[in-house]
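Reproduced below: work-v5.cif, with mmCIF, C-alpha atoms and all ligand atoms.
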```cif
data_my_file
loop_
_atom_site.label_atom_id
_atom_site.label_comp_id
_atom_site.auth_asym_id
_atom_site.auth_seq_id
_atom_site.Cartn_x
_atom_site.Cartn_y
_atom_site.Cartn_z
CA MET A 20 83.78 89.38 88.69
CA PRO A 21 85.24 90.64 92.01
CA LYS A 22 87.53 93.56 91.35
CA ALA A 23 90.43 95.24 93.10
CA LEU A 24 91.80 98.76 92.92
CA ILE A 25 95.61 98.64 92.96
CA VAL A 26 97.12 101.95 94.08
CA ILE A 27 100.75 102.13 93.03
CA ASP A 28 103.29 104.08 95.10
CA ALA A 29 101.11 107.06 96.19
CA GLN A 30 104.00 108.22 98.35
CA VAL A 31 105.45 111.52 99.54
CA ASP A 32 108.68 111.22 97.49
CA PHE A 33 106.71 110.92 94.22
CA CYS A 34 104.64 114.05 94.93
CA PRO A 35 105.70 117.71 94.48
CA GLY A 36 108.37 118.52 97.08
CA GLY A 37 109.53 114.88 97.18
CA ARG A 38 112.86 113.37 96.12
CA LEU A 39 111.55 111.95 92.83
CA ALA A 40 108.60 114.25 92.34
CA VAL A 41 106.15 113.50 89.55
CA GLU A 42 104.41 116.64 88.23
CA GLY A 43 100.86 116.79 89.57
CA GLY A 44 101.34 113.64 91.62
CA ASP A 45 99.41 115.10 94.54
CA GLN A 46 96.39 115.88 92.31
CA ILE A 47 95.45 112.22 92.00
CA ILE A 48 95.11 111.46 95.72
CA ALA A 49 91.53 112.72 96.18
CA PRO A 50 90.28 110.98 93.00
CA ILE A 51 91.92 107.73 94.15
CA ASN A 52 90.19 107.97 97.53
CA ASP A 53 86.85 108.47 95.76
CA LEU A 54 87.39 105.38 93.59
CA MET A 55 88.04 103.02 96.50
CA ALA A 56 84.37 102.50 97.41
CA ASP A 57 83.66 101.04 93.95
CA TYR A 58 85.89 97.99 94.52
CA ASP A 59 85.75 94.72 96.45
CA ALA A 60 89.32 95.21 97.65
CA VAL A 61 91.97 97.91 97.78
CA VAL A 62 95.68 97.10 97.46
CA LEU A 63 98.39 99.68 98.11
CA THR A 64 102.00 99.30 97.02
CA GLN A 65 104.89 101.06 98.72
CA ASP A 66 108.31 101.61 97.14
CA TRP A 67 110.63 100.69 100.03
CA HIS A 68 114.38 100.91 99.46
CA PRO A 69 117.36 100.34 101.79
CA GLU A 70 120.05 103.08 101.93
CA ASN A 71 122.42 100.98 99.79
CA HIS A 72 119.87 100.28 97.05
CA SER A 73 121.42 99.72 93.62
CA SER A 74 118.80 101.91 91.86
CA PHE A 75 120.18 105.06 93.57
CA ALA A 76 122.57 107.03 91.33
CA ASP A 77 124.58 108.14 94.35
CA ASN A 78 125.46 104.50 95.10
CA HIS A 79 127.31 104.36 91.72
CA ASP A 80 130.57 106.34 91.42
CA GLY A 81 130.17 109.29 89.06
CA ALA A 82 126.73 108.27 87.81
CA GLU A 83 124.11 110.91 87.03
CA PRO A 84 120.49 110.51 88.09
CA PHE A 85 118.26 109.40 85.17
CA SER A 86 121.15 107.66 83.37
CA THR A 87 120.90 103.95 82.58
CA VAL A 88 123.27 101.16 83.63
CA GLU A 89 123.42 97.48 82.84
CA MET A 90 122.53 95.25 85.80
CA PRO A 91 122.78 91.43 85.82
CA TYR A 92 119.00 91.39 85.18
CA GLY A 93 119.04 94.00 82.36
CA PRO A 94 119.06 97.78 81.92
CA GLN A 95 118.22 99.87 84.99
CA VAL A 96 117.55 103.61 85.24
CA LEU A 97 119.47 105.21 88.12
CA TRP A 98 117.19 107.40 90.21
CA PRO A 99 117.69 110.11 92.77
CA ARG A 100 117.63 108.59 96.27
CA HIS A 101 113.94 108.10 97.15
CA CYS A 102 111.55 106.12 99.36
CA VAL A 103 114.25 105.10 101.82
CA ILE A 104 112.86 102.66 104.41
CA ASN A 105 111.34 104.55 107.36
CA SER A 106 112.11 108.00 105.90
CA PRO A 107 109.25 110.55 105.67
CA GLY A 108 109.44 110.37 101.86
CA ALA A 109 108.60 106.67 101.92
CA GLY A 110 105.32 107.37 103.69
CA PHE A 111 102.01 107.47 101.87
CA HIS A 112 100.70 110.88 100.86
CA PRO A 113 99.07 112.18 104.07
CA ALA A 114 95.65 112.52 102.42
CA LEU A 115 95.58 108.96 101.02
CA ALA A 116 92.87 106.78 102.62
CA VAL A 117 95.33 104.17 103.85
CA ASP A 118 92.92 102.85 106.49
CA VAL A 119 90.63 101.19 103.96
CA ALA A 120 93.43 99.17 102.31
CA ASP A 121 93.10 95.38 102.52
CA VAL A 122 96.82 94.80 102.02
CA ILE A 123 100.02 96.77 101.51
CA ILE A 124 102.73 95.27 99.30
CA ARG A 125 106.25 96.61 99.76
CA LYS A 126 108.75 96.29 96.93
CA GLY A 127 112.34 97.17 96.09
CA TYR A 128 113.68 96.23 99.53
CA ARG A 129 116.53 94.04 98.25
CA PRO A 130 119.69 96.13 97.68
CA GLU A 131 120.74 94.31 94.52
CA ILE A 132 117.51 94.54 92.54
CA ASP A 133 114.80 97.10 91.83
CA SER A 134 111.09 96.30 91.60
CA TYR A 135 108.85 98.52 89.49
CA SER A 136 106.09 95.95 89.16
CA ALA A 137 103.83 94.99 92.05
CA PHE A 138 104.09 91.35 90.86
CA PHE A 139 107.73 90.71 89.90
CA GLU A 140 111.06 92.32 90.70
CA ASN A 141 112.95 93.75 87.73
CA ASP A 142 114.43 90.34 86.83
CA HIS A 143 110.82 89.45 85.82
CA GLN A 144 111.19 86.25 87.88
CA THR A 145 111.24 87.00 91.61
CA ARG A 146 107.63 87.19 92.80
CA THR A 147 106.23 89.63 95.35
CA GLY A 148 103.33 87.30 96.30
CA LEU A 149 100.61 89.68 95.07
CA GLU A 150 99.38 87.28 92.35
CA GLY A 151 98.70 84.57 94.93
CA TYR A 152 96.91 87.01 97.24
CA LEU A 153 94.58 88.22 94.48
CA ARG A 154 93.88 84.71 93.11
CA GLU A 155 93.07 83.28 96.54
CA ARG A 156 90.48 86.02 96.96
CA GLY A 157 89.12 85.61 93.42
CA LEU A 158 90.02 89.19 92.53
CA MET A 159 90.62 88.66 88.81
CA SER A 160 89.60 92.13 87.58
CA LEU A 161 92.12 94.86 88.42
CA ASP A 162 92.24 98.61 87.89
CA PHE A 163 95.55 100.40 88.41
CA VAL A 164 96.08 104.00 89.53
CA GLY A 165 98.96 105.90 91.15
CA LEU A 166 102.57 106.80 90.40
CA ALA A 167 104.29 106.73 88.15
CA HIS A 168 102.19 106.00 85.05
CA ASP A 169 105.16 105.10 82.84
CA PHE A 170 107.17 103.04 85.32
CA CYS A 171 105.56 101.26 88.25
CA VAL A 172 101.94 101.54 87.04
CA ALA A 173 102.75 100.36 83.51
CA TRP A 174 105.05 97.51 84.59
CA SER A 175 102.46 96.32 87.11
CA ALA A 176 99.56 96.47 84.66
CA ILE A 177 101.51 94.65 81.93
CA ASP A 178 102.56 91.89 84.33
CA ALA A 179 98.96 91.53 85.54
CA ALA A 180 97.71 91.17 81.96
CA LYS A 181 100.38 88.56 81.21
CA LEU A 182 99.31 86.67 84.34
CA GLY A 183 95.74 86.45 83.01
CA PHE A 184 93.98 89.17 85.00
CA ASN A 185 91.44 91.48 83.37
CA VAL A 186 93.35 94.79 83.57
CA GLY A 187 92.57 98.48 83.28
CA VAL A 188 94.52 101.65 84.00
CA ILE A 189 92.50 104.73 84.99
CA GLU A 190 94.82 107.26 83.40
CA ASP A 191 93.26 110.36 85.03
CA ALA A 192 94.31 108.91 88.40
CA THR A 193 97.96 108.53 87.35
CA ARG A 194 100.81 110.93 86.49
CA ALA A 195 103.93 110.16 84.42
CA ILE A 196 107.65 110.88 84.86
CA ASP A 197 107.91 110.96 81.03
CA LEU A 198 111.65 110.34 80.67
CA ASN A 199 112.69 110.35 76.96
CA GLY A 200 109.18 109.57 75.71
CA SER A 201 108.53 106.90 78.31
CA LYS A 202 104.85 107.83 78.70
CA LYS A 203 103.97 107.15 75.05
CA ALA A 204 106.07 103.96 75.08
CA ALA A 205 104.28 102.80 78.23
CA GLN A 206 100.86 103.43 76.62
CA ASP A 207 101.87 101.47 73.51
CA ASN A 208 103.26 98.60 75.59
CA MET A 209 100.17 98.48 77.80
CA ARG A 210 97.79 98.39 74.83
CA ALA A 211 99.90 95.67 73.18
CA ALA A 212 99.67 93.60 76.37
CA GLY A 213 95.87 93.89 76.40
CA VAL A 214 95.59 96.52 79.14
CA MET A 215 92.52 98.74 78.80
CA LEU A 216 93.41 102.45 79.15
CA LYS A 217 90.34 104.02 80.73
C1 LIG B 301 109.09 104.39 90.59
C2 LIG B 301 111.13 105.00 89.76
C3 LIG B 301 111.76 104.42 90.84
C4 LIG B 301 107.61 104.39 90.42
C5 LIG B 301 109.70 103.80 91.68
O1 LIG B 301 106.88 104.23 91.42
O2 LIG B 301 107.16 104.54 89.27
N1 LIG B 301 109.81 104.96 89.63
N2 LIG B 301 111.05 103.83 91.80
ZN ZN B 302 112.02 103.19 93.55
#
```

Starting from the coordinates I provided, produce the structure as structure tokens.
Ligand code: VGL
Ligand code: ZN
Amino acid sequence: MPKALIVIDAQVDFCPGGRLAVEGGDQIIAPINDLMADYDAVVLTQDWHPENHSSFADNHDGAEPFSTVEMPYGPQVLWPRHCVINSPGAGFHPALAVDVADVIIRKGYRPEIDSYSAFFENDHQTRTGLEGYLRERGLMSLDFVGLAHDFCVAWSAIDAAKLGFNVGVIEDATRAIDLNGSKKAAQDNMRAAGVMLK
């Protein structure tokens, strides 16, 4: 079965020194590059937020980063400002092998809604178009890597499993934010959805 490697948000702001740094985030870049040759296609995602994005704590009066608010589409964690469109932090890690990517999916560019998953925005309804791209190319087996394990990687992998793809997560090539036990919860939710943790 043709298979794709989906590299989630391997961006400067999620690596040490970035605005929403994930511990050890830079350590996974070389392993991800090495994995690419084993796949029929490589997909990169890029978190890509406008200045007025509703997931930024500083766009909510008095809100602290890492607190949760209720949005029309459900609960939403408020993050430090990160991956602002065209800012250096929104760029891919400089060592990532971007040239070999078949397609780059941007997400989170609508001010009113966040998008952790590469397939659906956080309302679980608005589609990014990635499912159609993969199906048209017959890429029904997917392995996920990248940042962050417990948010964008997990949400993407769970959506892919629900959509009927054969899904794995290569955990050594991910790193977690681990907010209030979110890594363990993400692992439990992925297993329950039929995602293979490799
Ligand atoms: C992510 C929080 C906010 C991620 C993106 O890539 O996991 N997390 N935006
Ligand atoms: Zn984001």

Which residues are close to segment 201-212 of chain A, i.e. within 10 Å by only C-alpha atoms, leaving aside same-chain residues fewer than 5 positions away? Reply as an mmCIF file with C-alpha atoms, in the frame of the given file.
```cif
data_model
loop_
_atom_site.group_PDB
_atom_site.id
_atom_site.type_symbol
_atom_site.label_atom_id
_atom_site.label_comp_id
_atom_site.auth_asym_id
_atom_site.auth_seq_id
_atom_site.Cartn_x
_atom_site.Cartn_y
_atom_site.Cartn_z
ATOM 1 C CA ALA A 167 104.290 106.730 88.150
ATOM 2 C CA HIS A 168 102.190 106.000 85.050
ATOM 3 C CA ASP A 169 105.160 105.100 82.840
ATOM 4 C CA PHE A 170 107.170 103.040 85.320
ATOM 5 C CA VAL A 172 101.940 101.540 87.040
ATOM 6 C CA ALA A 173 102.750 100.360 83.510
ATOM 7 C CA TRP A 174 105.050 97.510 84.590
ATOM 8 C CA SER A 175 102.460 96.320 87.110
ATOM 9 C CA ALA A 176 99.560 96.470 84.660
ATOM 10 C CA ILE A 177 101.510 94.650 81.930
ATOM 11 C CA ASP A 178 102.560 91.890 84.330
ATOM 12 C CA ALA A 179 98.960 91.530 85.540
ATOM 13 C CA ALA A 180 97.710 91.170 81.960
ATOM 14 C CA LYS A 181 100.380 88.560 81.210
ATOM 15 C CA VAL A 186 93.350 94.790 83.570
ATOM 16 C CA GLY A 187 92.570 98.480 83.280
ATOM 17 C CA VAL A 188 94.520 101.650 84.000
ATOM 18 C CA GLU A 190 94.820 107.260 83.400
ATOM 19 C CA ARG A 194 100.810 110.930 86.490
ATOM 20 C CA ALA A 195 103.930 110.160 84.420
ATOM 21 C CA ILE A 196 107.650 110.880 84.860
#
```

Problem - atom CA of Ala29 of chain A to atom CA of Ser160 of chain A, distance in Å rounded to a single decimal - result: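 Taking atom CA of Ala29 of chain A and atom CA of Ser160 of chain A, their separation equals 20.7 Å.
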
Problem - Selection as a PyMOL selection string: residues within 7 Å of ligand ZN 302 (chain B) by all atoms listed in the file - result: chain A and resi 66+68+101-102+127+133+135

Practice task
Would you list the contacts of Tyr128 of chain A as a PyMOL selection string, taking every protein, DNA or RNA residue within 12 Å and counting all atoms listed in the file, but skipping same-chain residues closer than 5 positions in sequence?
Solution key: chain A and resi 65-74+102-105+109+133-135+140+147

Restricting the output to C-alpha atoms, write the selected residues as a PDB file, keeping the file's coordinate frame.
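So out.pdb came out as:
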```pdb
ATOM      1  CA  GLN A  65     104.890 101.060  98.720  1.00  0.00           C
ATOM      2  CA  ASP A  66     108.310 101.610  97.140  1.00  0.00           C
ATOM      3  CA  TRP A  67     110.630 100.690 100.030  1.00  0.00           C
ATOM      4  CA  HIS A  68     114.380 100.910  99.460  1.00  0.00           C
ATOM      5  CA  PRO A  69     117.360 100.340 101.790  1.00  0.00           C
ATOM      6  CA  GLU A  70     120.050 103.080 101.930  1.00  0.00           C
ATOM      7  CA  ASN A  71     122.420 100.980  99.790  1.00  0.00           C
ATOM      8  CA  HIS A  72     119.870 100.280  97.050  1.00  0.00           C
ATOM      9  CA  SER A  73     121.420  99.720  93.620  1.00  0.00           C
ATOM     10  CA  SER A  74     118.800 101.910  91.860  1.00  0.00           C
ATOM     11  CA  CYS A 102     111.550 106.120  99.360  1.00  0.00           C
ATOM     12  CA  VAL A 103     114.250 105.100 101.820  1.00  0.00           C
ATOM     13  CA  ILE A 104     112.860 102.660 104.410  1.00  0.00           C
ATOM     14  CA  ASN A 105     111.340 104.550 107.360  1.00  0.00           C
ATOM     15  CA  ALA A 109     108.600 106.670 101.920  1.00  0.00           C
ATOM     16  CA  ASP A 133     114.800  97.100  91.830  1.00  0.00           C
ATOM     17  CA  SER A 134     111.090  96.300  91.600  1.00  0.00           C
ATOM     18  CA  TYR A 135     108.850  98.520  89.490  1.00  0.00           C
ATOM     19  CA  GLU A 140     111.060  92.320  90.700  1.00  0.00           C
ATOM     20  CA  THR A 147     106.230  89.630  95.350  1.00  0.00           C
TER      21      THR A 147
END
```

Handout entry: Atom pair atom CA of Arg154 of chain A / atom CA of Lys126 of chain A: separation (Å)
Key =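 Answer for the atom CA of Arg154 of chain A to atom CA of Lys126 of chain A separation: 19.2 Å.
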
Around all the atoms of ligand LIG 301 (chain B) listed in the file, with 6 Å of room on each side, what axis-aligned box do you get, giving centre and edge lengths in Å to one decimal, as JSON?
```
{"center_x": 109.3, "center_y": 104.4, "center_z": 90.5, "size_x": 16.9, "size_y": 13.2, "size_z": 14.5}
```

From the structure block, carefully write segment 22-66 of chain A out with N, CA and C atoms; format it as an mmCIF file, in the first residue's frame.
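Writing the result to decode-v4.cif gives the following:
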```cif
data_model
loop_
_atom_site.group_PDB
_atom_site.id
_atom_site.type_symbol
_atom_site.label_atom_id
_atom_site.label_comp_id
_atom_site.auth_asym_id
_atom_site.auth_seq_id
_atom_site.Cartn_x
_atom_site.Cartn_y
_atom_site.Cartn_z
ATOM 1 N N LYS A 22 2.531 4.644 0.806
ATOM 2 C CA LYS A 22 2.514 5.268 2.134
ATOM 3 C C LYS A 22 3.151 6.656 2.127
ATOM 4 N N ALA A 23 2.607 7.497 2.997
ATOM 5 C CA ALA A 23 3.102 8.872 3.118
ATOM 6 C C ALA A 23 3.635 9.126 4.518
ATOM 7 N N LEU A 24 4.692 9.924 4.579
ATOM 8 C CA LEU A 24 5.189 10.442 5.854
ATOM 9 C C LEU A 24 4.603 11.847 6.020
ATOM 10 N N ILE A 25 3.893 12.062 7.127
ATOM 11 C CA ILE A 25 3.288 13.372 7.375
ATOM 12 C C ILE A 25 4.067 14.038 8.505
ATOM 13 N N VAL A 26 4.753 15.108 8.182
ATOM 14 C CA VAL A 26 5.614 15.809 9.142
ATOM 15 C C VAL A 26 4.845 17.015 9.660
ATOM 16 N N ILE A 27 4.474 16.949 10.942
ATOM 17 C CA ILE A 27 3.627 17.985 11.527
ATOM 18 C C ILE A 27 4.475 19.117 12.125
ATOM 19 N N ASP A 28 4.291 20.308 11.652
ATOM 20 C CA ASP A 28 4.725 21.563 12.280
ATOM 21 C C ASP A 28 6.180 21.544 12.783
ATOM 22 N N ALA A 29 7.112 21.092 11.943
ATOM 23 C CA ALA A 29 8.543 21.088 12.304
ATOM 24 C C ALA A 29 9.098 22.492 12.070
ATOM 25 N N GLN A 30 8.642 23.417 12.910
ATOM 26 C CA GLN A 30 8.875 24.849 12.694
ATOM 27 C C GLN A 30 9.720 25.465 13.802
ATOM 28 N N VAL A 31 10.341 26.587 13.473
ATOM 29 C CA VAL A 31 11.256 27.281 14.378
ATOM 30 C C VAL A 31 10.598 27.590 15.728
ATOM 31 N N ASP A 32 9.351 28.064 15.740
ATOM 32 C CA ASP A 32 8.718 28.443 17.012
ATOM 33 C C ASP A 32 8.458 27.260 17.934
ATOM 34 N N PHE A 33 8.444 26.042 17.438
ATOM 35 C CA PHE A 33 8.223 24.866 18.287
ATOM 36 C C PHE A 33 9.537 24.223 18.724
ATOM 37 N N CYS A 34 10.670 24.811 18.314
ATOM 38 C CA CYS A 34 11.977 24.275 18.705
ATOM 39 C C CYS A 34 12.595 25.174 19.774
ATOM 40 N N PRO A 35 13.592 24.656 20.533
ATOM 41 C CA PRO A 35 14.222 25.462 21.579
ATOM 42 C C PRO A 35 14.635 26.840 21.039
ATOM 43 N N GLY A 36 14.299 27.892 21.811
ATOM 44 C CA GLY A 36 14.540 29.260 21.368
ATOM 45 C C GLY A 36 13.321 29.880 20.701
ATOM 46 N N GLY A 37 12.325 29.070 20.360
ATOM 47 C CA GLY A 37 11.117 29.566 19.696
ATOM 48 C C GLY A 37 10.065 30.033 20.689
ATOM 49 N N ARG A 38 8.959 30.567 20.161
ATOM 50 C CA ARG A 38 7.927 31.195 20.986
ATOM 51 C C ARG A 38 7.087 30.180 21.755
ATOM 52 N N LEU A 39 6.978 28.981 21.233
ATOM 53 C CA LEU A 39 6.220 27.911 21.914
ATOM 54 C C LEU A 39 7.078 26.657 21.852
ATOM 55 N N ALA A 40 8.262 26.779 22.472
ATOM 56 C CA ALA A 40 9.296 25.756 22.317
ATOM 57 C C ALA A 40 8.891 24.440 22.980
ATOM 58 N N VAL A 41 9.085 23.358 22.276
ATOM 59 C CA VAL A 41 8.853 22.021 22.794
ATOM 60 C C VAL A 41 10.230 21.438 23.114
ATOM 61 N N GLU A 42 10.401 20.950 24.358
ATOM 62 C CA GLU A 42 11.706 20.442 24.781
ATOM 63 C C GLU A 42 12.210 19.376 23.805
ATOM 64 N N GLY A 43 13.421 19.553 23.318
ATOM 65 C CA GLY A 43 14.018 18.567 22.413
ATOM 66 C C GLY A 43 13.442 18.589 21.007
ATOM 67 N N GLY A 44 12.662 19.582 20.698
ATOM 68 C CA GLY A 44 12.018 19.635 19.377
ATOM 69 C C GLY A 44 13.006 19.602 18.220
ATOM 70 N N ASP A 45 14.178 20.181 18.436
ATOM 71 C CA ASP A 45 15.183 20.211 17.359
ATOM 72 C C ASP A 45 15.854 18.849 17.155
ATOM 73 N N GLN A 46 15.760 17.970 18.171
ATOM 74 C CA GLN A 46 16.436 16.664 18.074
ATOM 75 C C GLN A 46 15.768 15.718 17.087
ATOM 76 N N ILE A 47 14.564 16.023 16.671
ATOM 77 C CA ILE A 47 13.851 15.097 15.787
ATOM 78 C C ILE A 47 14.039 15.428 14.309
ATOM 79 N N ILE A 48 14.685 16.544 14.012
ATOM 80 C CA ILE A 48 14.765 16.978 12.610
ATOM 81 C C ILE A 48 15.621 16.013 11.773
ATOM 82 N N ALA A 49 16.791 15.668 12.255
ATOM 83 C CA ALA A 49 17.651 14.750 11.485
ATOM 84 C C ALA A 49 16.993 13.381 11.304
ATOM 85 N N PRO A 50 16.415 12.790 12.370
ATOM 86 C CA PRO A 50 15.708 11.516 12.174
ATOM 87 C C PRO A 50 14.557 11.614 11.164
ATOM 88 N N ILE A 51 13.839 12.732 11.166
ATOM 89 C CA ILE A 51 12.743 12.895 10.202
ATOM 90 C C ILE A 51 13.304 12.918 8.782
ATOM 91 N N ASN A 52 14.378 13.661 8.573
ATOM 92 C CA ASN A 52 14.997 13.697 7.235
ATOM 93 C C ASN A 52 15.380 12.293 6.769
ATOM 94 N N ASP A 53 15.920 11.493 7.694
ATOM 95 C CA ASP A 53 16.344 10.138 7.338
ATOM 96 C C ASP A 53 15.163 9.247 6.972
ATOM 97 N N LEU A 54 14.016 9.485 7.591
ATOM 98 C CA LEU A 54 12.835 8.657 7.312
ATOM 99 C C LEU A 54 12.257 8.913 5.923
ATOM 100 N N MET A 55 12.423 10.110 5.411
ATOM 101 C CA MET A 55 11.695 10.530 4.195
ATOM 102 C C MET A 55 11.876 9.576 3.017
ATOM 103 N N ALA A 56 13.090 9.038 2.849
ATOM 104 C CA ALA A 56 13.373 8.175 1.693
ATOM 105 C C ALA A 56 12.573 6.875 1.713
ATOM 106 N N ASP A 57 12.020 6.505 2.862
ATOM 107 C CA ASP A 57 11.290 5.237 2.973
ATOM 108 C C ASP A 57 9.835 5.347 2.517
ATOM 109 N N TYR A 58 9.417 6.517 2.062
ATOM 110 C CA TYR A 58 7.992 6.754 1.772
ATOM 111 C C TYR A 58 7.769 7.129 0.312
ATOM 112 N N ASP A 59 6.526 6.898 -0.141
ATOM 113 C CA ASP A 59 6.156 7.252 -1.516
ATOM 114 C C ASP A 59 5.848 8.740 -1.647
ATOM 115 N N ALA A 60 5.566 9.379 -0.523
ATOM 116 C CA ALA A 60 5.272 10.815 -0.552
ATOM 117 C C ALA A 60 5.595 11.408 0.806
ATOM 118 N N VAL A 61 5.941 12.674 0.804
ATOM 119 C CA VAL A 61 6.201 13.412 2.043
ATOM 120 C C VAL A 61 5.293 14.643 2.070
ATOM 121 N N VAL A 62 4.545 14.771 3.175
ATOM 122 C CA VAL A 62 3.660 15.918 3.378
ATOM 123 C C VAL A 62 4.193 16.705 4.570
ATOM 124 N N LEU A 63 4.307 18.010 4.426
ATOM 125 C CA LEU A 63 4.660 18.865 5.564
ATOM 126 C C LEU A 63 3.439 19.691 5.942
ATOM 127 N N THR A 64 3.231 19.896 7.245
ATOM 128 C CA THR A 64 2.228 20.890 7.646
ATOM 129 C C THR A 64 2.944 22.076 8.277
ATOM 130 N N GLN A 65 2.283 23.212 8.207
ATOM 131 C CA GLN A 65 2.864 24.470 8.700
ATOM 132 C C GLN A 65 1.780 25.239 9.450
ATOM 133 N N ASP A 66 1.982 25.400 10.758
ATOM 134 C CA ASP A 66 1.091 26.218 11.575
ATOM 135 C C ASP A 66 1.280 27.662 11.101
#
```
